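Just query-v2.pdb here, PDB, C-alpha atoms:
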MODEL        1
ATOM      1  CA  MET A  25       0.000   0.000   0.000
ATOM      2  CA  ASP A  26       1.158   3.497  -0.838
ATOM      3  CA  LEU A  27       0.492   5.580   2.256
ATOM      4  CA  LEU A  28      -0.404   8.847   0.514
ATOM      5  CA  ASP A  29      -2.796   7.039  -1.838
ATOM      6  CA  THR A  30      -4.339   5.307   1.183
ATOM      7  CA  ILE A  31      -4.869   8.570   3.073
ATOM      8  CA  LYS A  32      -6.319  10.272  -0.005
ATOM      9  CA  GLY A  33      -8.539   7.273  -0.631
ATOM     10  CA  THR A  34      -9.826   7.389   2.931
ATOM     11  CA  LEU A  35     -10.527  11.132   3.133
ATOM     12  CA  PHE A  36     -11.986  11.474  -0.350
ATOM     13  CA  GLY A  37     -13.789   8.181   0.167
ATOM     14  CA  VAL A  38     -15.539   9.603   3.204
ATOM     15  CA  ALA A  39     -16.466  12.897   1.502
ATOM     16  CA  ILE A  40     -17.793  11.360  -1.701
ATOM     17  CA  GLY A  41     -19.819   8.695   0.084
ATOM     18  CA  ASP A  42     -21.256  11.457   2.247
ATOM     19  CA  ALA A  43     -22.005  13.761  -0.713
ATOM     20  CA  LEU A  44     -23.769  10.952  -2.570
ATOM     21  CA  GLY A  45     -26.081  10.496   0.398
ATOM     22  CA  VAL A  46     -26.810  14.097   1.412
ATOM     23  CA  PRO A  47     -29.537  14.800  -1.191
ATOM     24  CA  VAL A  48     -31.518  11.656  -0.284
ATOM     25  CA  GLU A  49     -31.042  11.467   3.475
ATOM     26  CA  PHE A  50     -34.197  10.101   5.163
ATOM     27  CA  LYS A  51     -35.534   8.661   1.904
ATOM     28  CA  SER A  52     -36.857   5.143   2.410
ATOM     29  CA  ARG A  53     -35.340   2.024   0.890
ATOM     30  CA  ASP A  54     -38.510   1.480  -1.109
ATOM     31  CA  TYR A  55     -38.287   5.004  -2.541
ATOM     32  CA  LEU A  56     -34.677   4.460  -3.582
ATOM     33  CA  LYS A  57     -35.487   1.128  -5.207
ATOM     34  CA  ASN A  58     -37.688   3.097  -7.581
ATOM     35  CA  ASN A  59     -35.365   6.120  -7.745
ATOM     36  CA  PRO A  60     -31.856   4.735  -7.191
ATOM     37  CA  VAL A  61     -28.898   7.037  -6.716
ATOM     38  CA  GLN A  62     -26.181   6.348  -9.303
ATOM     39  CA  ASP A  63     -24.257   9.620  -9.310
ATOM     40  CA  ILE A  64     -23.566  12.730  -7.254
ATOM     41  CA  ILE A  65     -26.626  14.936  -7.489
ATOM     42  CA  GLY A  66     -27.644  18.132  -5.755
ATOM     43  CA  TYR A  67     -30.391  19.740  -3.701
ATOM     44  CA  GLY A  68     -32.913  17.268  -2.350
ATOM     45  CA  THR A  69     -33.168  16.932   1.434
ATOM     46  CA  TYR A  70     -31.006  19.923   2.405
ATOM     47  CA  ASN A  71     -31.201  21.907  -0.844
ATOM     48  CA  GLN A  72     -27.420  21.845  -1.215
ATOM     49  CA  PRO A  73     -25.448  21.979  -4.489
ATOM     50  CA  PRO A  74     -23.894  18.825  -5.973
ATOM     51  CA  GLY A  75     -20.742  17.665  -4.201
ATOM     52  CA  THR A  76     -21.767  19.014  -0.805
ATOM     53  CA  PHE A  77     -20.629  16.916   2.142
ATOM     54  CA  SER A  78     -22.252  17.097   5.568
ATOM     55  CA  ASP A  79     -21.224  17.171   9.224
ATOM     56  CA  ASP A  80     -19.898  13.630   8.789
ATOM     57  CA  SER A  81     -17.031  14.730   6.551
ATOM     58  CA  SER A  82     -16.559  18.123   8.189
ATOM     59  CA  MET A  83     -15.883  16.479  11.550
ATOM     60  CA  THR A  84     -13.680  13.867   9.857
ATOM     61  CA  PHE A  85     -11.576  16.663   8.397
ATOM     62  CA  CYS A  86     -11.497  18.463  11.749
ATOM     63  CA  LEU A  87     -10.028  15.333  13.314
ATOM     64  CA  ALA A  88      -7.546  14.847  10.472
ATOM     65  CA  GLU A  89      -6.518  18.499  10.722
ATOM     66  CA  ALA A  90      -5.781  18.121  14.425
ATOM     67  CA  LEU A  91      -3.733  14.982  13.742
ATOM     68  CA  THR A  92      -1.441  16.912  11.388
ATOM     69  CA  LEU A  93      -0.150  18.561  14.573
ATOM     70  CA  GLY A  94       0.037  15.364  16.632
ATOM     71  CA  PHE A  95      -2.514  13.957  19.049
ATOM     72  CA  ASP A  96      -4.330  16.287  21.428
ATOM     73  CA  LEU A  97      -7.952  15.852  22.538
ATOM     74  CA  ASP A  98      -8.234  19.563  23.239
ATOM     75  CA  GLU A  99      -7.088  20.399  19.712
ATOM     76  CA  ILE A 100      -9.586  17.942  18.220
ATOM     77  CA  SER A 101     -12.380  19.423  20.317
ATOM     78  CA  LYS A 102     -11.398  22.978  19.386
ATOM     79  CA  ASN A 103     -11.681  22.040  15.725
ATOM     80  CA  PHE A 104     -15.119  20.534  16.301
ATOM     81  CA  LEU A 105     -16.210  23.758  17.993
ATOM     82  CA  LYS A 106     -14.745  25.838  15.149
ATOM     83  CA  TRP A 107     -16.831  23.778  12.756
ATOM     84  CA  TYR A 108     -20.041  24.124  14.756
ATOM     85  CA  LYS A 109     -19.654  27.792  15.688
ATOM     86  CA  ARG A 110     -17.614  29.199  12.803
ATOM     87  CA  ASN A 111     -18.366  26.851   9.873
ATOM     88  CA  TYR A 112     -14.805  25.479   9.788
ATOM     89  CA  TRP A 113     -14.311  22.688   7.223
ATOM     90  CA  THR A 114     -17.852  23.013   5.883
ATOM     91  CA  ALA A 115     -18.465  22.409   2.188
ATOM     92  CA  THR A 116     -20.362  25.620   1.492
ATOM     93  CA  GLY A 117     -19.488  27.848   4.468
ATOM     94  CA  LYS A 118     -22.504  26.821   6.502
ATOM     95  CA  VAL A 119     -23.349  24.035   8.958
ATOM     96  CA  PHE A 120     -26.658  22.548   7.843
ATOM     97  CA  ASP A 121     -26.833  19.417   9.988
ATOM     98  CA  ILE A 122     -25.673  18.324  13.440
ATOM     99  CA  GLY A 123     -26.696  15.425  15.634
ATOM    100  CA  ILE A 124     -28.330  16.051  19.007
ATOM    101  CA  ALA A 125     -25.685  14.121  20.957
ATOM    102  CA  THR A 126     -22.887  15.966  19.178
ATOM    103  CA  ARG A 127     -24.454  19.353  19.809
ATOM    104  CA  ASN A 128     -24.977  18.554  23.486
ATOM    105  CA  ALA A 129     -21.373  17.405  23.886
ATOM    106  CA  LEU A 130     -19.929  20.462  22.159
ATOM    107  CA  TYR A 131     -22.041  22.691  24.386
ATOM    108  CA  LYS A 132     -20.480  20.986  27.420
ATOM    109  CA  ILE A 133     -16.969  21.437  26.058
ATOM    110  CA  GLN A 134     -17.650  25.091  25.362
ATOM    111  CA  ASN A 135     -18.610  25.415  29.013
ATOM    112  CA  GLY A 136     -15.445  23.852  30.357
ATOM    113  CA  VAL A 137     -16.087  20.099  30.448
ATOM    114  CA  LYS A 138     -13.036  18.012  29.505
ATOM    115  CA  PRO A 139     -13.406  16.524  26.008
ATOM    116  CA  GLU A 140     -13.162  12.904  27.133
ATOM    117  CA  LEU A 141     -16.013  13.510  29.602
ATOM    118  CA  ALA A 142     -18.355  15.408  27.284
ATOM    119  CA  GLY A 143     -20.018  12.613  25.324
ATOM    120  CA  GLY A 144     -23.290  11.045  26.322
ATOM    121  CA  ARG A 145     -23.094   7.785  28.270
ATOM    122  CA  ASP A 146     -26.723   6.729  28.150
ATOM    123  CA  VAL A 147     -27.855   3.779  26.063
ATOM    124  CA  PHE A 148     -29.920   6.222  24.006
ATOM    125  CA  ASP A 149     -26.776   8.185  23.126
ATOM    126  CA  ASN A 150     -25.666   5.603  20.560
ATOM    127  CA  GLY A 151     -26.171   7.510  17.364
ATOM    128  CA  ASN A 152     -23.472   7.177  14.720
ATOM    129  CA  GLY A 153     -21.855  10.577  15.345
ATOM    130  CA  SER A 154     -18.469   9.305  16.493
ATOM    131  CA  LEU A 155     -18.230   6.418  14.031
ATOM    132  CA  MET A 156     -18.831   8.731  11.085
ATOM    133  CA  ARG A 157     -15.738  10.836  11.825
ATOM    134  CA  ILE A 158     -13.304   8.295  13.266
ATOM    135  CA  SER A 159     -11.429   7.048  10.155
ATOM    136  CA  PRO A 160      -8.417   9.456  10.188
ATOM    137  CA  LEU A 161      -7.500   8.228  13.649
ATOM    138  CA  LEU A 162      -6.175   5.078  11.960
ATOM    139  CA  PHE A 163      -3.151   7.052  10.795
ATOM    140  CA  TYR A 164      -2.195   7.897  14.364
ATOM    141  CA  ILE A 165      -2.828   4.545  16.058
ATOM    142  CA  PHE A 166      -1.594   2.118  13.386
ATOM    143  CA  ASN A 167       1.796   1.562  15.018
ATOM    144  CA  LYS A 168       0.556   1.240  18.603
ATOM    145  CA  SER A 169      -0.387  -1.734  20.776
ATOM    146  CA  ILE A 170      -3.986  -2.907  20.847
ATOM    147  CA  HIS A 171      -4.394  -1.534  24.366
ATOM    148  CA  GLU A 172      -3.141   1.901  23.300
ATOM    149  CA  ARG A 173      -5.368   1.765  20.232
ATOM    150  CA  PHE A 174      -8.459   0.988  22.285
ATOM    151  CA  GLU A 175      -7.789   3.708  24.851
ATOM    152  CA  ILE A 176      -7.185   6.348  22.186
ATOM    153  CA  VAL A 177     -10.299   5.329  20.252
ATOM    154  CA  LYS A 178     -12.291   5.384  23.485
ATOM    155  CA  ASN A 179     -11.200   8.940  24.255
ATOM    156  CA  VAL A 180     -11.813  10.266  20.746
ATOM    157  CA  SER A 181     -15.252   8.664  20.509
ATOM    158  CA  SER A 182     -16.105   9.936  23.994
ATOM    159  CA  ILE A 183     -15.775  13.563  22.927
ATOM    160  CA  THR A 184     -19.317  13.158  21.620
ATOM    161  CA  HIS A 185     -20.332   9.511  22.200
ATOM    162  CA  ALA A 186     -19.057   7.783  25.348
ATOM    163  CA  HIS A 187     -21.310   4.738  25.638
ATOM    164  CA  ILE A 188     -19.414   1.472  25.258
ATOM    165  CA  ARG A 189     -21.505   0.506  22.234
ATOM    166  CA  SER A 190     -20.268   3.515  20.283
ATOM    167  CA  ILE A 191     -16.709   2.955  21.483
ATOM    168  CA  ILE A 192     -16.710  -0.705  20.396
ATOM    169  CA  SER A 193     -18.164   0.282  17.009
ATOM    170  CA  CYS A 194     -15.353   2.776  16.423
ATOM    171  CA  PHE A 195     -12.773   0.289  17.688
ATOM    172  CA  TYR A 196     -14.060  -2.510  15.416
ATOM    173  CA  TYR A 197     -14.128  -0.215  12.374
ATOM    174  CA  LEU A 198     -10.563   0.984  12.895
ATOM    175  CA  GLU A 199      -9.310  -2.525  13.645
ATOM    176  CA  PHE A 200     -10.822  -3.613  10.330
ATOM    177  CA  MET A 201      -9.091  -0.736   8.571
ATOM    178  CA  LEU A 202      -5.823  -1.660  10.291
ATOM    179  CA  GLN A 203      -6.130  -5.237   9.029
ATOM    180  CA  LEU A 204      -6.538  -3.855   5.514
ATOM    181  CA  LEU A 205      -3.604  -1.498   5.988
ATOM    182  CA  ASN A 206      -1.556  -4.574   6.885
ATOM    183  CA  GLY A 207      -2.323  -5.896   3.405
ATOM    184  CA  ASN A 208      -4.959  -8.470   4.310
ATOM    185  CA  ASP A 209      -7.754  -9.432   1.955
ATOM    186  CA  LYS A 210     -11.051  -8.089   3.260
ATOM    187  CA  ILE A 211     -12.548 -11.514   4.075
ATOM    188  CA  ILE A 212      -9.361 -12.563   5.844
ATOM    189  CA  ALA A 213      -9.451  -9.283   7.759
ATOM    190  CA  TYR A 214     -13.087  -9.892   8.700
ATOM    191  CA  ASN A 215     -12.323 -13.371   9.986
ATOM    192  CA  ASN A 216      -9.267 -12.182  11.900
ATOM    193  CA  LEU A 217     -11.440  -9.687  13.782
ATOM    194  CA  LYS A 218     -13.700 -12.490  14.977
ATOM    195  CA  LYS A 219     -10.818 -13.561  17.200
ATOM    196  CA  ILE A 220      -8.985 -10.299  17.888
ATOM    197  CA  VAL A 221     -11.889  -8.067  18.944
ATOM    198  CA  PRO A 222     -13.801 -10.337  21.368
ATOM    199  CA  GLU A 223     -10.551 -11.645  22.826
ATOM    200  CA  TYR A 224      -9.420  -8.115  23.658
ATOM    201  CA  LEU A 225     -12.843  -6.954  24.899
ATOM    202  CA  ASN A 226     -13.032  -9.945  27.231
ATOM    203  CA  LYS A 227      -9.515  -9.253  28.448
ATOM    204  CA  ILE A 228     -10.521  -5.754  29.582
ATOM    205  CA  ASN A 229     -13.757  -7.062  31.134
ATOM    206  CA  ILE A 230     -16.315  -5.526  28.797
ATOM    207  CA  ASP A 231     -19.764  -6.829  29.700
ATOM    208  CA  GLN A 232     -20.577  -9.887  27.586
ATOM    209  CA  LEU A 233     -24.053  -8.510  26.899
ATOM    210  CA  ASP A 234     -22.451  -5.563  25.095
ATOM    211  CA  ILE A 235     -20.138  -7.845  23.126
ATOM    212  CA  ASP A 236     -23.067 -10.073  22.150
ATOM    213  CA  LEU A 237     -24.748  -7.143  20.410
ATOM    214  CA  PHE A 238     -22.030  -7.402  17.759
ATOM    215  CA  LYS A 239     -22.745 -11.050  16.956
ATOM    216  CA  LYS A 240     -23.521 -10.390  13.275
ATOM    217  CA  LEU A 241     -19.935  -9.199  12.917
ATOM    218  CA  LEU A 242     -18.122 -11.291  15.520
ATOM    219  CA  LEU A 243     -19.896 -14.654  15.315
ATOM    220  CA  LEU A 244     -21.679 -14.796  11.957
ATOM    221  CA  ASN A 245     -20.812 -14.016   8.336
ATOM    222  CA  ILE A 246     -22.543 -10.722   7.711
ATOM    223  CA  PHE A 247     -21.713 -10.937   4.005
ATOM    224  CA  GLU A 248     -24.104 -13.887   3.761
ATOM    225  CA  PHE A 249     -27.040 -11.813   5.011
ATOM    226  CA  SER A 250     -29.726 -10.558   2.625
ATOM    227  CA  GLU A 251     -30.473  -6.858   2.238
ATOM    228  CA  GLU A 252     -33.669  -7.362   4.238
ATOM    229  CA  ASP A 253     -31.532  -8.337   7.258
ATOM    230  CA  ILE A 254     -29.489  -5.110   7.106
ATOM    231  CA  GLU A 255     -30.793  -1.927   8.711
ATOM    232  CA  SER A 256     -29.574   1.559   7.839
ATOM    233  CA  SER A 257     -30.848   3.851  10.575
ATOM    234  CA  GLY A 258     -28.795   6.363  12.550
ATOM    235  CA  TYR A 259     -28.132   3.824  15.324
ATOM    236  CA  VAL A 260     -24.394   3.239  15.492
ATOM    237  CA  LEU A 261     -24.562  -0.549  15.265
ATOM    238  CA  HIS A 262     -26.871  -0.392  12.246
ATOM    239  CA  THR A 263     -24.458   1.974  10.490
ATOM    240  CA  LEU A 264     -21.468  -0.226  11.256
ATOM    241  CA  GLU A 265     -23.213  -3.409  10.104
ATOM    242  CA  ALA A 266     -24.591  -1.806   6.949
ATOM    243  CA  SER A 267     -21.214  -0.344   6.000
ATOM    244  CA  ILE A 268     -19.292  -3.568   6.551
ATOM    245  CA  TRP A 269     -21.987  -5.491   4.634
ATOM    246  CA  CYS A 270     -21.779  -3.096   1.686
ATOM    247  CA  PHE A 271     -17.991  -3.266   1.689
ATOM    248  CA  LEU A 272     -17.841  -7.070   1.865
ATOM    249  CA  THR A 273     -20.518  -7.735  -0.748
ATOM    250  CA  THR A 274     -19.070  -5.504  -3.487
ATOM    251  CA  SER A 275     -15.828  -5.343  -5.445
ATOM    252  CA  SER A 276     -15.090  -1.636  -6.018
ATOM    253  CA  TYR A 277     -15.378   1.719  -4.292
ATOM    254  CA  GLN A 278     -18.177   2.830  -6.592
ATOM    255  CA  GLU A 279     -20.197  -0.333  -6.137
ATOM    256  CA  ALA A 280     -19.810  -0.230  -2.340
ATOM    257  CA  VAL A 281     -20.968   3.370  -1.816
ATOM    258  CA  ILE A 282     -23.825   3.158  -4.305
ATOM    259  CA  LYS A 283     -25.073   0.065  -2.491
ATOM    260  CA  ALA A 284     -24.782   1.923   0.818
ATOM    261  CA  ILE A 285     -26.718   4.982  -0.343
ATOM    262  CA  ASN A 286     -29.545   2.948  -1.792
ATOM    263  CA  LEU A 287     -30.193   1.251   1.535
ATOM    264  CA  GLY A 288     -31.975   4.496   2.411
ATOM    265  CA  ASN A 289     -32.621   6.346   5.681
ATOM    266  CA  ASP A 290     -29.307   7.660   7.097
ATOM    267  CA  THR A 291     -27.779   7.690   3.648
ATOM    268  CA  ASP A 292     -25.018  10.239   4.132
ATOM    269  CA  THR A 293     -23.514   8.465   7.135
ATOM    270  CA  THR A 294     -23.832   4.959   5.710
ATOM    271  CA  GLY A 295     -22.180   6.303   2.563
ATOM    272  CA  CYS A 296     -19.494   8.089   4.561
ATOM    273  CA  VAL A 297     -18.548   5.092   6.720
ATOM    274  CA  THR A 298     -18.638   2.706   3.764
ATOM    275  CA  GLY A 299     -16.670   5.206   1.708
ATOM    276  CA  GLY A 300     -13.919   5.504   4.290
ATOM    277  CA  ILE A 301     -13.104   1.804   4.444
ATOM    278  CA  ALA A 302     -13.673   1.213   0.712
ATOM    279  CA  GLY A 303     -11.528   4.230  -0.160
ATOM    280  CA  LEU A 304      -8.721   2.892   2.008
ATOM    281  CA  TYR A 305      -8.938  -0.633   0.567
ATOM    282  CA  TYR A 306      -9.295   0.180  -3.124
ATOM    283  CA  GLY A 307      -7.277   3.408  -3.058
ATOM    284  CA  PHE A 308      -7.795   6.909  -4.367
ATOM    285  CA  ASN A 309      -7.361   5.894  -7.997
ATOM    286  CA  ASP A 310     -10.340   3.535  -7.811
ATOM    287  CA  ILE A 311     -12.726   6.383  -6.976
ATOM    288  CA  PRO A 312     -14.433   7.589 -10.183
ATOM    289  CA  GLU A 313     -12.720  10.736 -11.436
ATOM    290  CA  LYS A 314     -16.093  12.322 -12.256
ATOM    291  CA  TRP A 315     -16.974  12.158  -8.553
ATOM    292  CA  ILE A 316     -13.631  13.515  -7.424
ATOM    293  CA  LYS A 317     -14.080  16.496  -9.736
ATOM    294  CA  LYS A 318     -17.541  17.199  -8.322
ATOM    295  CA  ILE A 319     -16.633  17.160  -4.636
ATOM    296  CA  LEU A 320     -16.533  20.594  -3.048
ATOM    297  CA  LYS A 321     -13.285  21.658  -1.327
ATOM    298  CA  TYR A 322     -11.285  19.295  -3.522
ATOM    299  CA  ASP A 323      -8.086  21.335  -3.214
ATOM    300  CA  ASP A 324      -8.478  21.626   0.551
ATOM    301  CA  ILE A 325      -9.048  17.883   0.989
ATOM    302  CA  LEU A 326      -6.040  17.105  -1.191
ATOM    303  CA  ASP A 327      -3.890  19.514   0.822
ATOM    304  CA  LEU A 328      -5.113  17.991   4.097
ATOM    305  CA  SER A 329      -4.299  14.499   2.811
ATOM    306  CA  GLU A 330      -0.772  15.570   1.960
ATOM    307  CA  ARG A 331      -0.233  17.293   5.302
ATOM    308  CA  LEU A 332      -1.465  14.243   7.194
ATOM    309  CA  TYR A 333       0.828  12.077   5.087
ATOM    310  CA  ASN A 334       3.810  14.328   5.848
ATOM    311  CA  LYS A 335       3.046  14.034   9.555
ATOM    312  CA  VAL A 336       2.774  10.253   9.690
ATOM    313  CA  LYS A 337       5.119   9.052   6.917
ATOM    314  CA  ASN A 338       8.051   8.715   9.307
ATOM    315  CA  TYR A 339       6.137   6.773  11.945
ATOM    316  CA  LYS A 340       7.737   3.351  12.244
ATOM    317  CA  TYR A 341       5.661   0.851  10.330
ATOM    318  CA  ILE A 342       7.395  -1.713   8.154
ATOM    319  CA  ASN A 343       4.396  -2.794   6.065
ATOM    320  CA  ILE A 344       3.681   0.583   4.519
ATOM    321  CA  ILE A 345       5.484   1.805   1.407
ATOM    322  CA  VAL A 346       6.197   5.524   1.780
TER     323      VAL A 346
ENDMDL
END

Could you write out this structure as structure tokens?
Amino acid sequence: MDLLDTIKGTLFGVAIGDALGVPVEFKSRDYLKNNPVQDIIGYGTYNQPPGTFSDDSSMTFCLAEALTLGFDLDEISKNFLKWYKRNYWTATGKVFDIGIATRNALYKIQNGVKPELAGGRDVFDNGNGSLMRISPLLFYIFNKSIHERFEIVKNVSSITHAHIRSIISCFYYLEFMLQLLNGNDKIIAYNNLKKIVPEYLNKINIDQLDIDLFKKLLLLNIFEFSEEDIESSGYVLHTLEASIWCFLTTSSYQEAVIKAINLGNDTDTTGCVTGGIAGLYYGFNDIPEKWIKKILKYDDILDLSERLYNKVKNYKYINIIV
């Protein structure tokens, strides 16, 4: 894997998957069966121009931006606040969507709460708002021990979503991406996680009831499930399952994100999360050029990719070609 291509694939993968889904967010699966999305379009749900990405990508870029300076929870949180309050890293200069849990957490941070203590811890605080933005963290944790990786993921998720279900979802997603970064085939990576993730979660005494919620991913073969068995709501576990299912049951970036969008409902986030892992696996050059040309802030995303690459290229990691 070429590291710069991988970073570009991840960041552009997130933004394009997001932008594909923005115009049809909240549309039902039945509606999209009759009116399938096949290309980046505009307007629709939020009346935004073609190529507009949402809070999903904006917060992803805020995290990536902070990581170009190193790792600092305060810096990450400051960027999130700059986005929410001052439209930082927005596609069109305006925030047009934010989740309730994210807004509540940022309000706490603004009023002095430590970032790692700001996220909601209730079972009803398990929207997909931390999963959607977590992908760039891979490029900070990839050379660390599994314990360090988990603790860092826990803290970054907890800025907005601190329930263990959200934390495990982010951890699983990044562990999958790490397996791919190591050069594993996606099915091999999937099977490896069936051992690695539950073994580690049991080691740190995570409640078995919480682990059991991930049985579609940790015990079964989710790629054998039918579309009817896959949900695509804003619940973090649904988003994770839908994204992994789309990734495992397709063979290109384009095919994966189009499948994700046409599941309906929380289309931008399912597209974003699918796009991140598919963009990493297939690489930047597999993303259709017509989509890359349509994405807003192209130059800024490219510059961010290069700055993140320049920060992490000297991290010790023997399996990456730099």

Measuring atom to atom with only C-alpha atoms, identify which of A:Gln134, A:Asn59, A:Ser190, A:Ser81 is nearest to A:Leu105.
A:Gln134

Identify all residues satisfying the PyMOL selection byres ((chain A and resi 202) around 12) in the given file; provide them as a PyMOL selection string.
chain A and resi 25+30+159-170+173+195-201+203-210+213-214+216-217+220+301+304-305+341+343-344

Could you please determine the separation between atom CA of A:Ser82 and atom CA of A:Trp107 in Å, to one decimal place?
7.3 Å

Run the PyMOL selection byres ((chain A and resi 248-261) around 8) on the file and write out the hits as an NGL selection string.
:A and (150-153 or 155 or 189-190 or 193 or 238 or 245-247 or 262-266 or 269 or 287-291 or 293-294)

Can you measure atom CA of A:Phe308 to atom CA of A:Lys32 for me? One decimal in Å is fine.
5.7 Å

A:Val281: which residues within 12 Å, counting only C-alpha atoms, same-chain residues fewer than 3 positions away excluded, as number ranges by chain?
A: 37-45, 61-64, 266-278, 284-288, 291-303, 311-312, 315

Picked residues, the PyMOL selection byres ((chain A and resi 129) around 7), as number ranges by chain
A: 125-128, 130-133, 142-143, 183-184

Restricted to C-alpha atoms, what would the selected residues look like written as an mmCIF file, in the coordinates of the input?
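What ended up in again_19.cif:
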data_model
loop_
_atom_site.group_PDB
_atom_site.id
_atom_site.type_symbol
_atom_site.label_atom_id
_atom_site.label_comp_id
_atom_site.auth_asym_id
_atom_site.auth_seq_id
_atom_site.Cartn_x
_atom_site.Cartn_y
_atom_site.Cartn_z
ATOM 1 C CA ALA A 125 -25.685 14.121 20.957
ATOM 2 C CA THR A 126 -22.887 15.966 19.178
ATOM 3 C CA ARG A 127 -24.454 19.353 19.809
ATOM 4 C CA ASN A 128 -24.977 18.554 23.486
ATOM 5 C CA LEU A 130 -19.929 20.462 22.159
ATOM 6 C CA TYR A 131 -22.041 22.691 24.386
ATOM 7 C CA LYS A 132 -20.480 20.986 27.420
ATOM 8 C CA ILE A 133 -16.969 21.437 26.058
ATOM 9 C CA ALA A 142 -18.355 15.408 27.284
ATOM 10 C CA GLY A 143 -20.018 12.613 25.324
ATOM 11 C CA ILE A 183 -15.775 13.563 22.927
ATOM 12 C CA THR A 184 -19.317 13.158 21.620
#

Have a look at A:Leu233, A:Val336, A:Leu242, A:Ile124 and name the one nearest to A:His185; count only C-alpha atoms.
A:Ile124

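Reported to one decimal place, the separation of atom CA of A:Arg145 from atom CA of A:His187 is 4.4 Å.
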
Need the neighbours of (-9.3, 23.3, 13.6): which residues are at most 12 Å away, counting only C-alpha atoms, as a PyMOL selection string?
chain A and resi 82-93+96-114+328

Give the centre and edge lengths of an axis-aligned box, in Å to one decimal, that holds all listed atoms of stretch 139-145 of chain A with 6 Å on each side, as AutoDock Vina command-line options.
--center_x -18.2 --center_y 12.2 --center_z 27.5 --size_x 22.1 --size_y 20.7 --size_z 16.3

Given only C-alpha atoms as the basis, pick out the residue of A:Ala115, A:Ile191, A:Leu241, A:Ala186 nearest to A:Ile319.
A:Ala115
